[in-house]
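Peer 1: This is the structure, below, for whatever I ask next.
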Amino acid sequence: MSQAVGKTALAYVRAWHHVDASERILGKLADRIAIVLMGKHKPIYDPSTDCGDYVVVTNAARVKVTGRKEAQKVYRHHTMFPGGLKEVKYRTMKEKKPDEIIRKAVAGMLPKNKLRDRRLERLRIFSDDDMGPFKNNLIQRWEEGSLRK
């Protein structure tokens, strides 16, 4: 009997990963989260299929950036009205919506294709330790060695 899983339903099972973002660098953290959302850590990875896992991020308000990005980084979006370019500084965004900082960083590291929105739906971000109803799910923590740092 073979021990290989192959491309069966068991290989595509989605696991839940927990990430503590406190004192982690934003870019390196977003890179690891994007890899898990795409499923690149699995041996059955295929760019055309959605085989990634769920990721739950806690302590998003305590994420760090390097250099002078805290004073210089600006998030821009357009309202689609004439003259509707809005700019929000990193410090303001960190106070009001710390989860959006990680969400935008991860979205920038995912491929820009039809699977991107579906992959971002599997990302859950909380600004503090409380995970809400997701703490009861099957969760693998990165500190336990289930995924390299």
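Note on naming: chains are A, B, ... as they come in the structure tokens, residues start from 1 per chain, ligands start from 1 in the order shown.
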DSSP on the backbone: what in chain A comes out helix (DSSP H, G or I), as a ChimeraX atom specification?

Peer 2: /A:26-38,60-62,69-72,90-96,98-109,116-121,132-136,142-144

Peer 1: Return as a ChimeraX atom specification the full set of residues in region 3-116 of chain A whose backbone-based DSSP assignment is strand (DSSP E or B).

Peer 2: /A:16-20,25,54-58,64,74-78,85-89

Peer 1: Distance CA of Leu110 (chain A)-CA of Ala15 (chain A), one decimal place?

Peer 2: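 We find that CA of Leu110 (chain A) and CA of Ala15 (chain A) lie 18.9 Å from each other.
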
Peer 1: Just want the 10 Å neighbourhood of Gly27 (chain A), counted on only C-alpha atoms, with same-chain residues fewer than 4 positions away dropped. Output as JSON, numbers by chain.

Peer 2: {"A": [31, 32, 33, 63, 64, 65, 66, 102, 105, 106, 109]}

Peer 1: Those residues you just picked out, can you put them in a file as an mmCIF file, in the first residue's frame with all heavy atoms?

Peer 2:
```
data_model
loop_
_atom_site.group_PDB
_atom_site.id
_atom_site.type_symbol
_atom_site.label_atom_id
_atom_site.label_comp_id
_atom_site.auth_asym_id
_atom_site.auth_seq_id
_atom_site.Cartn_x
_atom_site.Cartn_y
_atom_site.Cartn_z
ATOM 1 N N ASP A 31 4.950 38.131 3.626
ATOM 2 C CA ASP A 31 5.470 37.148 2.672
ATOM 3 C C ASP A 31 5.101 35.729 3.100
ATOM 4 O O ASP A 31 4.631 34.924 2.289
ATOM 5 C CB ASP A 31 6.987 37.308 2.574
ATOM 6 C CG ASP A 31 7.619 36.283 1.668
ATOM 7 O OD1 ASP A 31 7.077 36.061 0.573
ATOM 8 O OD2 ASP A 31 8.645 35.699 2.053
ATOM 9 N N ARG A 32 5.298 35.395 4.359
ATOM 10 C CA ARG A 32 4.967 34.052 4.863
ATOM 11 C C ARG A 32 3.464 33.786 4.797
ATOM 12 O O ARG A 32 3.038 32.681 4.465
ATOM 13 C CB ARG A 32 5.447 33.884 6.303
ATOM 14 C CG ARG A 32 6.930 33.991 6.460
ATOM 15 C CD ARG A 32 7.608 32.788 5.838
ATOM 16 N NE ARG A 32 9.038 32.899 5.987
ATOM 17 C CZ ARG A 32 9.908 32.713 5.015
ATOM 18 N NH1 ARG A 32 9.491 32.405 3.813
ATOM 19 N NH2 ARG A 32 11.190 32.825 5.227
ATOM 20 N N ILE A 33 2.661 34.797 5.119
ATOM 21 C CA ILE A 33 1.206 34.629 5.068
ATOM 22 C C ILE A 33 0.756 34.384 3.630
ATOM 23 O O ILE A 33 -0.098 33.523 3.365
ATOM 24 C CB ILE A 33 0.502 35.851 5.678
ATOM 25 C CG1 ILE A 33 0.775 35.915 7.185
ATOM 26 C CG2 ILE A 33 -0.992 35.808 5.418
ATOM 27 C CD1 ILE A 33 0.298 37.184 7.840
ATOM 28 N N VAL A 63 2.613 45.157 15.078
ATOM 29 C CA VAL A 63 3.543 44.813 14.000
ATOM 30 C C VAL A 63 4.538 45.968 13.827
ATOM 31 O O VAL A 63 4.223 47.120 14.109
ATOM 32 C CB VAL A 63 2.770 44.516 12.688
ATOM 33 C CG1 VAL A 63 2.222 45.769 12.070
ATOM 34 C CG2 VAL A 63 3.628 43.768 11.712
ATOM 35 N N LYS A 64 5.753 45.647 13.392
ATOM 36 C CA LYS A 64 6.799 46.651 13.230
ATOM 37 C C LYS A 64 7.154 46.830 11.762
ATOM 38 O O LYS A 64 6.963 45.927 10.959
ATOM 39 C CB LYS A 64 8.071 46.219 13.981
ATOM 40 C CG LYS A 64 7.917 46.224 15.470
ATOM 41 C CD LYS A 64 9.149 45.830 16.252
ATOM 42 C CE LYS A 64 10.408 45.559 15.508
ATOM 43 N NZ LYS A 64 11.533 45.145 16.325
ATOM 44 N N VAL A 65 7.681 48.012 11.442
ATOM 45 C CA VAL A 65 8.250 48.278 10.126
ATOM 46 C C VAL A 65 9.687 48.743 10.335
ATOM 47 O O VAL A 65 10.042 49.228 11.404
ATOM 48 C CB VAL A 65 7.448 49.344 9.343
ATOM 49 C CG1 VAL A 65 6.112 48.809 8.912
ATOM 50 C CG2 VAL A 65 7.272 50.605 10.148
ATOM 51 N N THR A 66 10.514 48.586 9.322
ATOM 52 C CA THR A 66 11.922 48.933 9.451
ATOM 53 C C THR A 66 12.190 50.312 8.858
ATOM 54 O O THR A 66 11.378 50.848 8.094
ATOM 55 C CB THR A 66 12.804 47.903 8.727
ATOM 56 O OG1 THR A 66 12.402 47.830 7.360
ATOM 57 C CG2 THR A 66 12.664 46.537 9.362
ATOM 58 N N ILE A 102 -1.809 44.950 7.539
ATOM 59 C CA ILE A 102 -1.384 43.600 7.171
ATOM 60 C C ILE A 102 -2.138 43.121 5.939
ATOM 61 O O ILE A 102 -1.566 42.501 5.043
ATOM 62 C CB ILE A 102 -1.560 42.636 8.362
ATOM 63 C CG1 ILE A 102 -0.627 43.054 9.497
ATOM 64 C CG2 ILE A 102 -1.293 41.199 7.948
ATOM 65 C CD1 ILE A 102 -0.741 42.230 10.736
ATOM 66 N N ALA A 105 -0.610 44.656 2.849
ATOM 67 C CA ALA A 105 0.718 44.104 2.582
ATOM 68 C C ALA A 105 0.619 42.707 1.978
ATOM 69 O O ALA A 105 1.330 42.374 1.028
ATOM 70 C CB ALA A 105 1.542 44.070 3.874
ATOM 71 N N VAL A 106 -0.291 41.879 2.509
ATOM 72 C CA VAL A 106 -0.468 40.529 1.973
ATOM 73 C C VAL A 106 -1.078 40.583 0.582
ATOM 74 O O VAL A 106 -0.669 39.841 -0.316
ATOM 75 C CB VAL A 106 -1.340 39.673 2.932
ATOM 76 C CG1 VAL A 106 -1.706 38.351 2.302
ATOM 77 C CG2 VAL A 106 -0.616 39.446 4.243
ATOM 78 N N MET A 109 1.383 41.047 -2.092
ATOM 79 C CA MET A 109 2.284 39.929 -2.347
ATOM 80 C C MET A 109 1.598 38.737 -3.009
ATOM 81 O O MET A 109 2.267 37.788 -3.388
ATOM 82 C CB MET A 109 2.945 39.492 -1.047
ATOM 83 C CG MET A 109 3.808 40.569 -0.479
ATOM 84 S SD MET A 109 4.975 39.982 0.680
ATOM 85 C CE MET A 109 5.746 41.510 1.148
#
```

Peer 1: If we count only C-alpha atoms, what is near Phe134 (chain A) at a cut-off of 10 Å, once residues fewer than 3 positions away on the same chain are taken out, given as a PyMOL selection string?

Peer 2: chain A and resi 16+18+56+124+130-131+137-139

Peer 1: Record the distance separating CA of Met38 (chain A) and CA of Glu100 (chain A), expressed in Å with one decimal.

Peer 2: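 Answer for the CA of Met38 (chain A) to CA of Glu100 (chain A) separation: 19.4 Å.
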